[in-house]
Structures are given as structure tokens and as C-alpha cells.
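**Student:** Data file upload36.cif (mmCIF, C-alpha atoms) is appended below.
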```
data_my_file
loop_
_atom_site.group_PDB
_atom_site.id
_atom_site.type_symbol
_atom_site.label_atom_id
_atom_site.label_comp_id
_atom_site.auth_asym_id
_atom_site.auth_seq_id
_atom_site.Cartn_x
_atom_site.Cartn_y
_atom_site.Cartn_z
ATOM 1 C CA MET A 498 71.159 103.884 59.817
ATOM 2 C CA LYS A 499 73.962 104.225 57.295
ATOM 3 C CA ASN A 500 76.672 101.588 56.896
ATOM 4 C CA MET A 501 78.593 101.530 60.155
ATOM 5 C CA ASN A 502 82.322 100.792 60.373
ATOM 6 C CA TRP A 503 82.618 98.341 63.242
ATOM 7 C CA ASP A 504 86.207 99.422 63.846
ATOM 8 C CA ASP A 505 84.865 102.816 64.934
ATOM 9 C CA ILE A 506 83.560 101.070 68.042
ATOM 10 C CA ARG A 507 87.172 100.814 69.293
ATOM 11 C CA TYR A 508 87.449 104.589 69.067
ATOM 12 C CA PHE A 509 84.133 105.037 70.833
ATOM 13 C CA LEU A 510 85.265 102.834 73.728
ATOM 14 C CA ALA A 511 88.662 104.515 73.973
ATOM 15 C CA LEU A 512 87.120 107.984 74.120
ATOM 16 C CA SER A 513 84.466 106.901 76.636
ATOM 17 C CA ARG A 514 87.274 105.685 78.910
ATOM 18 C CA ALA A 515 89.831 108.452 78.385
ATOM 19 C CA SER A 516 87.320 111.350 78.134
ATOM 20 C CA THR A 517 89.695 113.299 75.846
ATOM 21 C CA PHE A 518 90.705 112.901 72.219
ATOM 22 C CA ILE A 519 94.375 113.095 73.181
ATOM 23 C CA GLY A 520 93.979 110.401 75.840
ATOM 24 C CA ALA A 521 92.092 108.113 73.474
ATOM 25 C CA GLY A 522 94.674 108.728 70.758
ATOM 26 C CA THR A 523 97.480 107.817 73.156
ATOM 27 C CA GLU A 524 95.729 104.544 74.026
ATOM 28 C CA LEU A 525 95.122 103.663 70.374
ATOM 29 C CA LYS A 526 98.501 105.016 69.186
ATOM 30 C CA VAL A 527 96.918 107.419 66.719
ATOM 31 C CA THR A 528 96.550 111.208 66.560
ATOM 32 C CA HIS A 529 93.750 112.981 68.381
ATOM 33 C CA SER A 530 92.434 114.204 65.042
ATOM 34 C CA THR A 531 92.053 110.595 63.897
ATOM 35 C CA VAL A 532 89.982 109.841 66.989
ATOM 36 C CA SER A 533 87.811 112.885 66.357
ATOM 37 C CA ARG A 534 87.265 111.902 62.725
ATOM 38 C CA ARG A 535 86.351 108.307 63.583
ATOM 39 C CA ILE A 536 83.891 109.418 66.268
ATOM 40 C CA THR A 537 82.285 111.817 63.807
ATOM 41 C CA ASN A 538 81.987 108.963 61.288
ATOM 42 C CA LEU A 539 80.291 106.787 63.894
ATOM 43 C CA GLU A 540 77.887 109.536 64.927
ATOM 44 C CA GLU A 541 76.972 110.184 61.311
ATOM 45 C CA SER A 542 76.396 106.500 60.622
ATOM 46 C CA LEU A 543 74.100 106.245 63.662
ATOM 47 C CA ASP A 544 72.559 109.656 62.978
ATOM 48 C CA THR A 545 72.944 110.673 66.615
ATOM 49 C CA ARG A 546 75.416 112.516 68.830
ATOM 50 C CA LEU A 547 77.320 110.201 71.180
ATOM 51 C CA PHE A 548 79.476 112.708 73.103
ATOM 52 C CA HIS A 549 79.097 116.161 74.578
ATOM 53 C CA ARG A 550 82.312 117.975 73.654
ATOM 54 C CA SER A 551 83.752 120.777 75.790
ATOM 55 C CA GLU A 552 87.104 122.293 76.736
ATOM 56 C CA LYS A 553 87.172 119.972 79.761
ATOM 57 C CA GLY A 554 86.773 116.841 77.631
ATOM 58 C CA CYS A 555 84.086 114.556 76.276
ATOM 59 C CA ARG A 556 81.250 112.893 78.129
ATOM 60 C CA LEU A 557 78.651 110.478 76.879
ATOM 61 C CA THR A 558 75.232 111.670 75.777
ATOM 62 C CA PRO A 559 72.198 109.539 76.700
ATOM 63 C CA ALA A 560 72.560 107.856 73.293
ATOM 64 C CA GLY A 561 76.218 107.189 74.016
ATOM 65 C CA GLU A 562 75.344 105.651 77.366
ATOM 66 C CA LYS A 563 72.892 103.328 75.617
ATOM 67 C CA LEU A 564 75.560 102.298 73.097
ATOM 68 C CA LEU A 565 78.245 101.638 75.721
ATOM 69 C CA PRO A 566 77.145 98.154 76.931
ATOM 70 C CA TYR A 567 76.675 96.986 73.343
ATOM 71 C CA ALA A 568 80.126 98.290 72.436
ATOM 72 C CA GLU A 569 81.672 96.499 75.418
ATOM 73 C CA SER A 570 79.901 93.294 74.364
ATOM 74 C CA LEU A 571 81.361 93.642 70.867
ATOM 75 C CA GLU A 572 84.790 94.189 72.389
ATOM 76 C CA SER A 573 84.446 90.996 74.442
ATOM 77 C CA THR A 574 83.374 89.076 71.334
ATOM 78 C CA TYR A 575 86.379 90.390 69.438
ATOM 79 C CA ILE A 576 88.723 89.380 72.256
ATOM 80 C CA ASN A 577 87.264 85.877 72.302
ATOM 81 C CA ILE A 578 87.595 85.544 68.526
ATOM 82 C CA GLU A 579 91.203 86.679 68.714
ATOM 83 C CA GLU A 580 91.876 84.270 71.557
ATOM 84 C CA HIS A 581 90.158 81.123 70.321
ATOM 85 C CA VAL A 582 90.275 81.406 66.564
ATOM 86 C CA SER A 583 93.701 82.901 66.013
ATOM 87 C CA GLY A 584 95.398 80.095 67.933
ATOM 88 C CA SER A 585 96.673 82.302 70.721
ATOM 89 C CA ASN A 586 95.628 79.628 73.220
ATOM 90 C CA SER A 587 98.631 77.593 72.086
ATOM 91 C CA GLN A 588 101.134 80.440 71.990
ATOM 92 C CA LEU A 589 101.219 83.485 74.235
ATOM 93 C CA SER A 590 100.965 86.705 72.264
ATOM 94 C CA GLY A 591 99.215 90.032 72.514
ATOM 95 C CA SER A 592 99.360 92.362 75.502
ATOM 96 C CA VAL A 593 98.701 92.005 79.215
ATOM 97 C CA ARG A 594 98.393 95.140 81.334
ATOM 98 C CA ILE A 595 99.067 94.745 85.051
ATOM 99 C CA GLY A 596 98.318 97.384 87.663
ATOM 100 C CA ALA A 597 99.985 97.250 91.071
ATOM 101 C CA PRO A 598 101.040 99.540 93.920
ATOM 102 C CA ASP A 599 104.482 100.961 93.294
ATOM 103 C CA GLY A 600 106.286 98.894 95.946
ATOM 104 C CA ILE A 601 105.424 95.411 94.747
ATOM 105 C CA GLY A 602 105.201 96.626 91.154
ATOM 106 C CA ASN A 603 108.662 98.185 90.931
ATOM 107 C CA CYS A 604 110.587 96.024 93.382
ATOM 108 C CA PHE A 605 109.053 92.554 92.914
ATOM 109 C CA LEU A 606 106.958 92.241 89.762
ATOM 110 C CA ALA A 607 109.060 94.196 87.269
ATOM 111 C CA PRO A 608 112.230 92.050 87.384
ATOM 112 C CA ARG A 609 110.265 88.808 87.431
ATOM 113 C CA LEU A 610 107.953 89.776 84.585
ATOM 114 C CA THR A 611 111.068 90.465 82.529
ATOM 115 C CA VAL A 612 112.058 86.813 82.971
ATOM 116 C CA PHE A 613 108.533 85.692 82.057
ATOM 117 C CA GLN A 614 108.609 87.763 78.881
ATOM 118 C CA GLN A 615 111.930 86.228 77.861
ATOM 119 C CA ASP A 616 110.132 82.880 77.758
ATOM 120 C CA HIS A 617 107.293 84.413 75.723
ATOM 121 C CA PRO A 618 108.876 86.957 73.364
ATOM 122 C CA SER A 619 105.607 87.601 71.489
ATOM 123 C CA LEU A 620 103.895 88.697 74.704
ATOM 124 C CA GLN A 621 103.680 92.417 75.415
ATOM 125 C CA ILE A 622 103.807 93.268 79.126
ATOM 126 C CA GLU A 623 102.485 96.619 80.356
ATOM 127 C CA LEU A 624 103.134 97.252 84.060
ATOM 128 C CA THR A 625 101.582 100.330 85.640
ATOM 129 C CA ALA A 626 103.395 100.409 88.976
ATOM 130 C CA GLU A 627 101.803 103.549 90.391
ATOM 131 C CA PRO A 628 100.161 104.529 93.689
ATOM 132 C CA MET A 629 96.630 104.355 92.298
ATOM 133 C CA TYR A 630 94.103 101.812 91.126
ATOM 134 C CA TYR A 631 92.720 101.357 87.644
ATOM 135 C CA SER A 632 89.303 100.215 86.503
ATOM 136 C CA LEU A 633 88.787 96.594 85.535
ATOM 137 C CA SER A 634 85.265 97.248 84.307
ATOM 138 C CA LYS A 635 86.510 99.914 81.901
ATOM 139 C CA ARG A 636 89.223 97.564 80.643
ATOM 140 C CA GLU A 637 91.971 99.961 81.744
ATOM 141 C CA ILE A 638 93.761 96.962 83.180
ATOM 142 C CA ASP A 639 93.762 93.157 82.832
ATOM 143 C CA ILE A 640 95.214 92.157 86.206
ATOM 144 C CA LEU A 641 95.010 94.379 89.273
ATOM 145 C CA VAL A 642 96.906 93.980 92.558
ATOM 146 C CA THR A 643 95.537 95.849 95.589
ATOM 147 C CA VAL A 644 96.319 96.099 99.296
ATOM 148 C CA GLN A 645 92.661 95.954 100.248
ATOM 149 C CA LYS A 646 90.332 92.993 99.754
ATOM 150 C CA PRO A 647 87.778 93.928 97.097
ATOM 151 C CA THR A 648 84.203 93.586 98.342
ATOM 152 C CA VAL A 649 82.103 94.850 95.437
ATOM 153 C CA GLY A 650 81.963 94.610 91.670
ATOM 154 C CA ASN A 651 81.772 91.852 89.094
ATOM 155 C CA VAL A 652 85.381 90.751 89.538
ATOM 156 C CA LEU A 653 87.276 87.606 90.436
ATOM 157 C CA VAL A 654 89.327 87.905 93.620
ATOM 158 C CA ARG A 655 92.095 85.840 95.193
ATOM 159 C CA LYS A 656 94.539 86.567 97.984
ATOM 160 C CA LEU A 657 98.160 86.648 96.858
ATOM 161 C CA THR A 658 100.080 86.898 100.120
ATOM 162 C CA ARG A 659 100.388 88.579 103.456
ATOM 163 C CA TYR A 660 103.337 90.925 103.870
ATOM 164 C CA LYS A 661 105.026 92.627 106.783
ATOM 165 C CA LEU A 662 106.550 96.053 107.249
ATOM 166 C CA GLY A 663 109.112 97.236 109.773
ATOM 167 C CA LEU A 664 110.929 100.374 110.885
ATOM 168 C CA PHE A 665 114.272 101.035 109.200
ATOM 169 C CA ALA A 666 116.947 103.743 109.197
ATOM 170 C CA THR A 667 120.604 104.170 108.310
ATOM 171 C CA PRO A 668 123.329 103.877 110.969
ATOM 172 C CA GLU A 669 124.388 107.438 110.134
ATOM 173 C CA TYR A 670 120.940 108.817 110.885
ATOM 174 C CA LEU A 671 120.701 106.952 114.177
ATOM 175 C CA SER A 672 124.190 108.053 115.152
ATOM 176 C CA SER A 673 123.230 111.707 114.791
ATOM 177 C CA ALA A 674 119.605 111.502 115.963
ATOM 178 C CA GLY A 675 120.006 109.071 118.822
ATOM 179 C CA PRO A 676 118.935 105.475 119.525
ATOM 180 C CA VAL A 677 115.402 104.114 119.616
ATOM 181 C CA SER A 678 114.726 101.818 122.562
ATOM 182 C CA THR A 679 110.935 102.129 122.861
ATOM 183 C CA LYS A 680 108.040 103.247 120.711
ATOM 184 C CA GLU A 681 107.850 106.490 122.706
ATOM 185 C CA ASP A 682 111.373 107.343 121.517
ATOM 186 C CA LEU A 683 110.005 107.602 117.975
ATOM 187 C CA LYS A 684 108.347 110.925 118.841
ATOM 188 C CA GLY A 685 111.778 112.514 118.983
ATOM 189 C CA HIS A 686 112.782 111.268 115.533
ATOM 190 C CA ARG A 687 112.123 112.255 111.963
ATOM 191 C CA MET A 688 109.546 109.853 110.530
ATOM 192 C CA ILE A 689 109.023 109.195 106.824
ATOM 193 C CA GLY A 690 105.557 108.371 105.524
ATOM 194 C CA TYR A 691 102.797 109.034 103.017
ATOM 195 C CA ILE A 692 101.150 112.340 102.150
ATOM 196 C CA ASP A 693 97.758 111.907 103.789
ATOM 197 C CA GLU A 694 95.645 113.617 101.130
ATOM 198 C CA LEU A 695 97.370 111.595 98.397
ATOM 199 C CA LEU A 696 97.032 108.279 100.208
ATOM 200 C CA PHE A 697 95.400 105.943 97.684
ATOM 201 C CA ASP A 698 94.315 103.336 100.239
ATOM 202 C CA HIS A 699 93.532 103.780 103.932
ATOM 203 C CA GLU A 700 95.212 100.414 104.593
ATOM 204 C CA LEU A 701 98.520 102.276 104.180
ATOM 205 C CA HIS A 702 97.926 104.656 107.068
ATOM 206 C CA PHE A 703 100.494 103.243 109.498
ATOM 207 C CA MET A 704 101.566 105.950 111.945
ATOM 208 C CA ASP A 705 98.692 105.793 114.423
ATOM 209 C CA GLU A 706 98.979 102.006 114.356
ATOM 210 C CA ILE A 707 102.633 102.285 115.377
ATOM 211 C CA LEU A 708 102.032 104.946 118.015
ATOM 212 C CA PRO A 709 98.920 107.149 118.374
ATOM 213 C CA GLY A 710 99.752 110.735 117.513
ATOM 214 C CA LEU A 711 102.994 109.864 115.704
ATOM 215 C CA SER A 712 103.548 112.359 112.892
ATOM 216 C CA THR A 713 105.767 112.393 109.816
ATOM 217 C CA ASN A 714 108.382 114.979 108.888
ATOM 218 C CA PHE A 715 109.204 113.757 105.376
ATOM 219 C CA ARG A 716 106.280 112.694 103.202
ATOM 220 C CA CYS A 717 106.240 110.922 99.845
ATOM 221 C CA SER A 718 103.411 109.695 97.638
ATOM 222 C CA THR A 719 105.170 106.374 96.886
ATOM 223 C CA VAL A 720 106.846 103.773 99.067
ATOM 224 C CA VAL A 721 109.799 103.566 96.638
ATOM 225 C CA ALA A 722 110.450 107.251 97.321
ATOM 226 C CA GLN A 723 110.150 106.555 101.056
ATOM 227 C CA LEU A 724 112.745 103.792 100.771
ATOM 228 C CA ASN A 725 115.133 106.108 98.926
ATOM 229 C CA ALA A 726 114.566 108.847 101.496
ATOM 230 C CA THR A 727 115.312 106.363 104.279
ATOM 231 C CA LEU A 728 118.491 105.231 102.513
ATOM 232 C CA SER A 729 119.593 108.855 102.211
ATOM 233 C CA GLY A 730 119.312 109.358 105.977
ATOM 234 C CA ALA A 731 116.160 111.506 105.980
ATOM 235 C CA GLY A 732 114.722 109.611 108.948
ATOM 236 C CA ILE A 733 112.953 106.395 109.921
ATOM 237 C CA GLY A 734 110.857 104.714 107.261
ATOM 238 C CA VAL A 735 108.078 102.121 107.455
ATOM 239 C CA ILE A 736 109.183 99.796 104.669
ATOM 240 C CA PRO A 737 107.901 96.357 103.520
ATOM 241 C CA PHE A 738 110.338 93.541 104.256
ATOM 242 C CA PHE A 739 110.488 92.443 100.621
ATOM 243 C CA MET A 740 111.864 95.860 99.627
ATOM 244 C CA VAL A 741 114.592 95.841 102.267
ATOM 245 C CA HIS A 742 116.211 92.472 101.533
ATOM 246 C CA GLY A 743 119.690 93.249 100.225
ATOM 247 C CA GLN A 744 119.727 96.820 101.587
ATOM 248 C CA LYS A 745 122.798 96.419 103.802
ATOM 249 C CA ARG A 746 122.904 100.129 104.627
ATOM 250 C CA LEU A 747 119.744 99.894 106.737
ATOM 251 C CA ILE A 748 119.187 98.912 110.360
ATOM 252 C CA GLN A 749 115.865 97.528 111.599
ATOM 253 C CA ILE A 750 114.548 99.451 114.583
ATOM 254 C CA LEU A 751 112.386 97.775 117.242
ATOM 255 C CA PRO A 752 112.322 94.410 115.414
ATOM 256 C CA GLU A 753 109.444 93.247 117.583
ATOM 257 C CA LEU A 754 107.289 96.022 116.089
ATOM 258 C CA THR A 755 105.888 94.966 112.716
ATOM 259 C CA ILE A 756 102.794 95.779 110.676
ATOM 260 C CA GLU A 757 101.002 93.220 108.530
ATOM 261 C CA ARG A 758 98.975 93.774 105.393
ATOM 262 C CA GLY A 759 97.992 91.681 102.383
ATOM 263 C CA TYR A 760 98.041 91.783 98.607
ATOM 264 C CA TRP A 761 94.945 90.816 96.645
ATOM 265 C CA LEU A 762 94.512 90.048 92.968
ATOM 266 C CA LYS A 763 91.473 91.292 91.057
ATOM 267 C CA LEU A 764 90.506 90.087 87.614
ATOM 268 C CA ASN A 765 87.697 90.849 85.185
ATOM 269 C CA PRO A 766 85.891 87.558 84.390
ATOM 270 C CA GLU A 767 86.194 88.351 80.674
ATOM 271 C CA SER A 768 89.970 88.674 80.946
ATOM 272 C CA LYS A 769 90.311 85.259 82.579
ATOM 273 C CA ARG A 770 89.202 83.690 79.316
ATOM 274 C CA LEU A 771 92.461 84.809 77.719
ATOM 275 C CA ALA A 772 95.288 82.291 77.858
ATOM 276 C CA ARG A 773 97.900 85.039 78.080
ATOM 277 C CA VAL A 774 96.185 86.506 81.149
ATOM 278 C CA ARG A 775 95.751 83.126 82.843
ATOM 279 C CA SER A 776 99.388 82.202 82.195
ATOM 280 C CA THR A 777 100.612 85.537 83.540
ATOM 281 C CA ILE A 778 98.576 85.082 86.715
ATOM 282 C CA ASP A 779 99.884 81.538 87.180
ATOM 283 C CA PHE A 780 103.437 82.821 86.807
ATOM 284 C CA LEU A 781 102.983 85.675 89.291
ATOM 285 C CA VAL A 782 101.279 83.474 91.869
ATOM 286 C CA GLY A 783 104.052 80.908 91.502
ATOM 287 C CA GLN A 784 106.724 83.565 92.042
ATOM 288 C CA ILE A 785 105.021 84.869 95.172
ATOM 289 C CA VAL A 786 104.624 81.359 96.612
ATOM 290 C CA THR A 787 108.301 80.607 95.903
ATOM 291 C CA ASP A 788 109.474 83.861 97.502
ATOM 292 C CA GLU A 789 106.983 84.005 100.369
ATOM 293 C CA ASP A 790 109.797 84.448 102.895
ATOM 294 C CA LEU A 791 110.668 87.781 101.285
ATOM 295 C CA PHE A 792 107.250 89.089 102.257
ATOM 296 C CA LEU A 793 107.019 87.690 105.775
ATOM 297 C CA SER A 794 110.532 87.135 107.155
ATOM 298 C CA PRO A 795 112.741 89.928 108.542
ATOM 299 C CA PRO A 796 115.634 90.730 106.215
ATOM 300 C CA GLN A 797 118.684 88.786 107.327
ATOM 301 C CA ASP A 798 121.198 91.069 105.632
ATOM 302 C CA VAL A 799 120.350 94.211 107.621
ATOM 303 C CA GLY A 800 121.364 95.110 111.128
ATOM 304 C CA SER A 801 119.095 95.728 114.093
ATOM 305 C CA GLU A 802 119.037 98.070 117.042
#
```
Let me see whether you can do it: turn the structure in this file into C-alpha cells.
**Tutor:**
Amino acid sequence: MKNMNWDDIRYFLALSRASTFIGAGTELKVTHSTVSRRITNLEESLDTRLFHRSEKGCRLTPAGEKLLPYAESLESTYINIEEHVSGSNSQLSGSVRIGAPDGIGNCFLAPRLTVFQQDHPSLQIELTAEPMYYSLSKREIDILVTVQKPTVGNVLVRKLTRYKLGLFATPEYLSSAGPVSTKEDLKGHRMIGYIDELLFDHELHFMDEILPGLSTNFRCSTVVAQLNATLSGAGIGVIPFFMVHGQKRLIQILPELTIERGYWLKLNPESKRLARVRSTIDFLVGQIVTDEDLFLSPPQDVGSE
């Protein structure tokens, strides 16, 4: 084996996770040609091919699969050195990437994380508030919020909060479409919901729970889009309470009809060793505990029918 540049391991891990040179380059903030060159250097130093390259991307060879756990172990060692030797336990710095569904990510976490970062200006916050989940094991994310309790994997899990959803619409829509006095009346209304084939978690399939056979007329892949569609008068939306507080243009329909779900936090055990990750979790949990009523109590500033 020739002299190996240990920094090439970062490029190996990035490419194994992204599967393309462009994706790995984006993660590492370098050009795709730099990634290709560093991978070639690593392969030459090990005298073996680590990736099968094709037009569809790169996948690990058997040799690459053997290297992967060792590379991840080196990455963990590097993180621990950075954390414990550089003094970052005493001051929060570096980056924390948080993945969350778009509703809680955009409408609850984003404004509060901004306040947290103001107290820790050297901390870099990356919030991926999208309707999908990322991999903790592949280090795509440090902290992951889900709507389903995780049951498998080497991860740490804690429940964040329960949350409730209700039916909401604008007065203008109800004036033109007619009132809703019973659940059966909903069949004559335009319902707003998720696109079934793009639903990222079966826990978000609400319509049959509200009324068997109830269908949607306007479908969106994110709950933020559903809220905006509801506000525009497109129909009746199933919206979490915490997103509706302050939306004075909405009326709650059938207030006795609510749906309850929960938010769970997942964490890679390696990430918990980092002070910046632990402090971010403590902050988020504290914010949710303080604002628990937002998640569970009906909005007081909207009307009802």
C-alpha cells in the first residue's frame, strides 16, 4: 500500500452517501472533478477499485464495502477529536443538521432556531424541513424529527410531543360551498390533502380516519402548501393546531372532530457525544415543552362553525 492521504477518506464517505460526484462535491463544497481526483488518489494508494462508475452514478465495489465501516470509524474518531480536544465542549461551534417534516420544520423550528443561533453565533444550523426522512446511519443528518415512533436501528429515541389536527376553511369558502354540520356533509365539499403516492409516512393518511371513503380534490405534497391552499379558499384542510394559531382568516369546522399524532426525535449515538448537538436538542425540547399548548389546544384566534 502506498502512502494514503487520510483526508481522502472524507471524499470516499461523501461519494458513498451521495452516489454521484456532483452530489458529493455539493456536500463537501468542492467541484465534482476534485471529488473524482481524490477518489482516484485513494484507489491508487490502496491499489484497488472502490467504486463502480456508470452514467447512473457510483456504487461501492466489494472492496469499497469492506472499507466503509473503517472509514465511518475514522470519521467518528475525527469528530470526537474535534469535540474534545479543540475545546468545542465549552463553546458551541461547528454545524448541526436537523431534519424534520415541513410543518414543524418551517412553522415551529425555523423561527426558534434563529433565536438559538443568535445566542451561539459560531454555530451553523442546517434545517432540512422537507416531507422526507434522512439517514442517521449515513450521517446525512444529526437530529431527526419524525411522526412515527422508530422501532429499528441503532438510534436513540425520545418522544417530543403529541399534536392535534383539525378541519379548517375560510369563511368565504364556506359561504359559497355551504355549511358543515356533520361529518357526512364533508362529502359534498372540496377537501385538501396529501398526494397518496408521495405520502412519506402512512401516519399522515387522515381522510379515512375522518370519514371512510372521504376523498380529496386538491392535493399537495407538503402540509405548508395545504395550509396556503386552505387560506386561499381551495377547500377544507386538515391542519395541525400549531400551524393555525394566528391565522384569523380561518374557521374551525366540527371542533369536536380532531386527529392526534406525535413527534419523535431520533439521534445517532455518535452525534449525542457532541456538545453542540446535545445543546440543540435541549433547546428544542425546552421550546416544545414551553409551547405545548400550541400543539394540543384549539387555536383561540380562529372562528368555529
**Student:** Expand the PyMOL selection byres ((chain A and resi 738-741) around 12) into the explicit residue set it covers here, and present it as a compact mmCIF listing (two decimals) with C-alpha atoms, keeping the file's coordinate frame.
**Tutor:**
```txt
# COMPACT_ATOMS: atom_id res chain seq x y z
CA ASP A 599 104.48 100.96 93.29
CA GLY A 600 106.29 98.89 95.95
CA ILE A 601 105.42 95.41 94.75
CA GLY A 602 105.20 96.63 91.15
CA ASN A 603 108.66 98.18 90.93
CA CYS A 604 110.59 96.02 93.38
CA PHE A 605 109.05 92.55 92.91
CA LEU A 606 106.96 92.24 89.76
CA THR A 658 100.08 86.90 100.12
CA ARG A 659 100.39 88.58 103.46
CA TYR A 660 103.34 90.92 103.87
CA LYS A 661 105.03 92.63 106.78
CA LEU A 662 106.55 96.05 107.25
CA GLY A 663 109.11 97.24 109.77
CA LEU A 664 110.93 100.37 110.88
CA PHE A 665 114.27 101.04 109.20
CA ALA A 666 116.95 103.74 109.20
CA THR A 667 120.60 104.17 108.31
CA VAL A 720 106.85 103.77 99.07
CA VAL A 721 109.80 103.57 96.64
CA ALA A 722 110.45 107.25 97.32
CA GLN A 723 110.15 106.56 101.06
CA LEU A 724 112.74 103.79 100.77
CA ASN A 725 115.13 106.11 98.93
CA THR A 727 115.31 106.36 104.28
CA LEU A 728 118.49 105.23 102.51
CA GLY A 734 110.86 104.71 107.26
CA VAL A 735 108.08 102.12 107.46
CA ILE A 736 109.18 99.80 104.67
CA PRO A 737 107.90 96.36 103.52
CA HIS A 742 116.21 92.47 101.53
CA GLY A 743 119.69 93.25 100.22
CA GLN A 744 119.73 96.82 101.59
CA LYS A 745 122.80 96.42 103.80
CA ARG A 746 122.90 100.13 104.63
CA LEU A 747 119.74 99.89 106.74
CA ILE A 748 119.19 98.91 110.36
CA GLN A 749 115.86 97.53 111.60
CA PRO A 752 112.32 94.41 115.41
CA THR A 755 105.89 94.97 112.72
CA ILE A 756 102.79 95.78 110.68
CA GLU A 757 101.00 93.22 108.53
CA ARG A 758 98.98 93.77 105.39
CA ILE A 785 105.02 84.87 95.17
CA ASP A 788 109.47 83.86 97.50
CA GLU A 789 106.98 84.00 100.37
CA ASP A 790 109.80 84.45 102.90
CA LEU A 791 110.67 87.78 101.28
CA PHE A 792 107.25 89.09 102.26
CA LEU A 793 107.02 87.69 105.78
CA SER A 794 110.53 87.14 107.16
CA PRO A 795 112.74 89.93 108.54
CA PRO A 796 115.63 90.73 106.22
CA GLN A 797 118.68 88.79 107.33
CA ASP A 798 121.20 91.07 105.63
CA VAL A 799 120.35 94.21 107.62
CA GLY A 800 121.36 95.11 111.13
```
**Student:** To one decimal place in Å, what is the distance between CA of His617 in chain A and CA of Val786 in chain A?
**Tutor:**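 Those two atoms sit 21.3 Å apart.
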**Student:** With the PyMOL selection byres ((chain A and resi 672-687) around 9) as the selection, what would be picked from this file? Answer as a list in words, please.
**Tutor:**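 For this structure, the PyMOL selection byres ((chain A and resi 672-687) around 9) resolves to Thr667, Pro668, Glu669, Tyr670, Leu671, Met688, Ile689, Ile707, Leu708, Gly710, Leu711, Ser712, Thr713, Asn714, Phe715, Ala731, Gly732, Ile733, Gly734, Ile750, Leu751, Leu754 and Glu802 of chain A.
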**Student:** Fewer than 2 positions away in the same chain doesn't count, so skip those; otherwise give me all residues within 12 Å of range 607-616 of chain A, counting only C-alpha atoms, as a ChimeraX atom specification.
**Tutor:** /A:588-605,618-626,773,776-785,787-788
**Student:** Check the smallest atom-to-atom distance from each of A:Gln645, A:Asn502, A:Ser729, A:Ser718 to Leu762 in chain A using all atoms listed in the file, then report the winner.
**Tutor:**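 Of the candidates, the smallest distance to Leu762 in chain A is held by A:Gln645.
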**Student:** Tell me which of A:Ile638, A:Leu764, A:Cys717, A:Ile692 sits closest to Leu653 in chain A, counting all atoms listed in the file.
**Tutor:**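 Counting all atoms listed in the file, the residue closest to Leu653 in chain A is A:Leu764.
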**Student:** Do you know which residues the PyMOL selection byres ((chain A and resi 563-565) around 12) returns on this file, as a PyMOL selection string?
**Tutor:** chain A and resi 506-514+539-540+543+545-548+556-562+566-572+634-635
**Student:** One decimal, in Å: what's the spacing between CA of Thr528 in chain A and CA of Glu627 in chain A?
**Tutor:**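 Spanning CA of Thr528 in chain A to CA of Glu627 in chain A is a straight-line distance of 25.6 Å.
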**Student:** What's the separation between CA of Trp503 in chain A and CA of Arg775 in chain A, in Å to one decimal place?
**Tutor:**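 According to the coordinates, CA of Trp503 in chain A and CA of Arg775 in chain A are separated by 28.1 Å.
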**Student:** Taking into account all atoms listed in the file, which residue in the set A:Asp639, A:Tyr760, A:Ser533, A:Ser516 is nearest to Gly554 in chain A?
**Tutor:** A:Ser516
**Student:** Of the candidates A:Thr643, A:Thr523, A:Thr719, A:Ser573, which shows the shortest atom-to-atom distance to Lys763 in chain A, using all atoms listed in the file?
**Tutor:**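 Counting all atoms listed in the file, the residue closest to Lys763 in chain A is A:Thr643.
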**Student:** Set up a box along x, y and z of the file covering all listed atoms of range 680-690 of chain A, add 4 Å on every one of the six sides, and write the centre and edge lengths in Å to one decimal, as JSON.
**Tutor:**
```
{"center_x": 109.2, "center_y": 107.9, "center_z": 114.1, "size_x": 15.2, "size_y": 17.3, "size_z": 25.2}
```
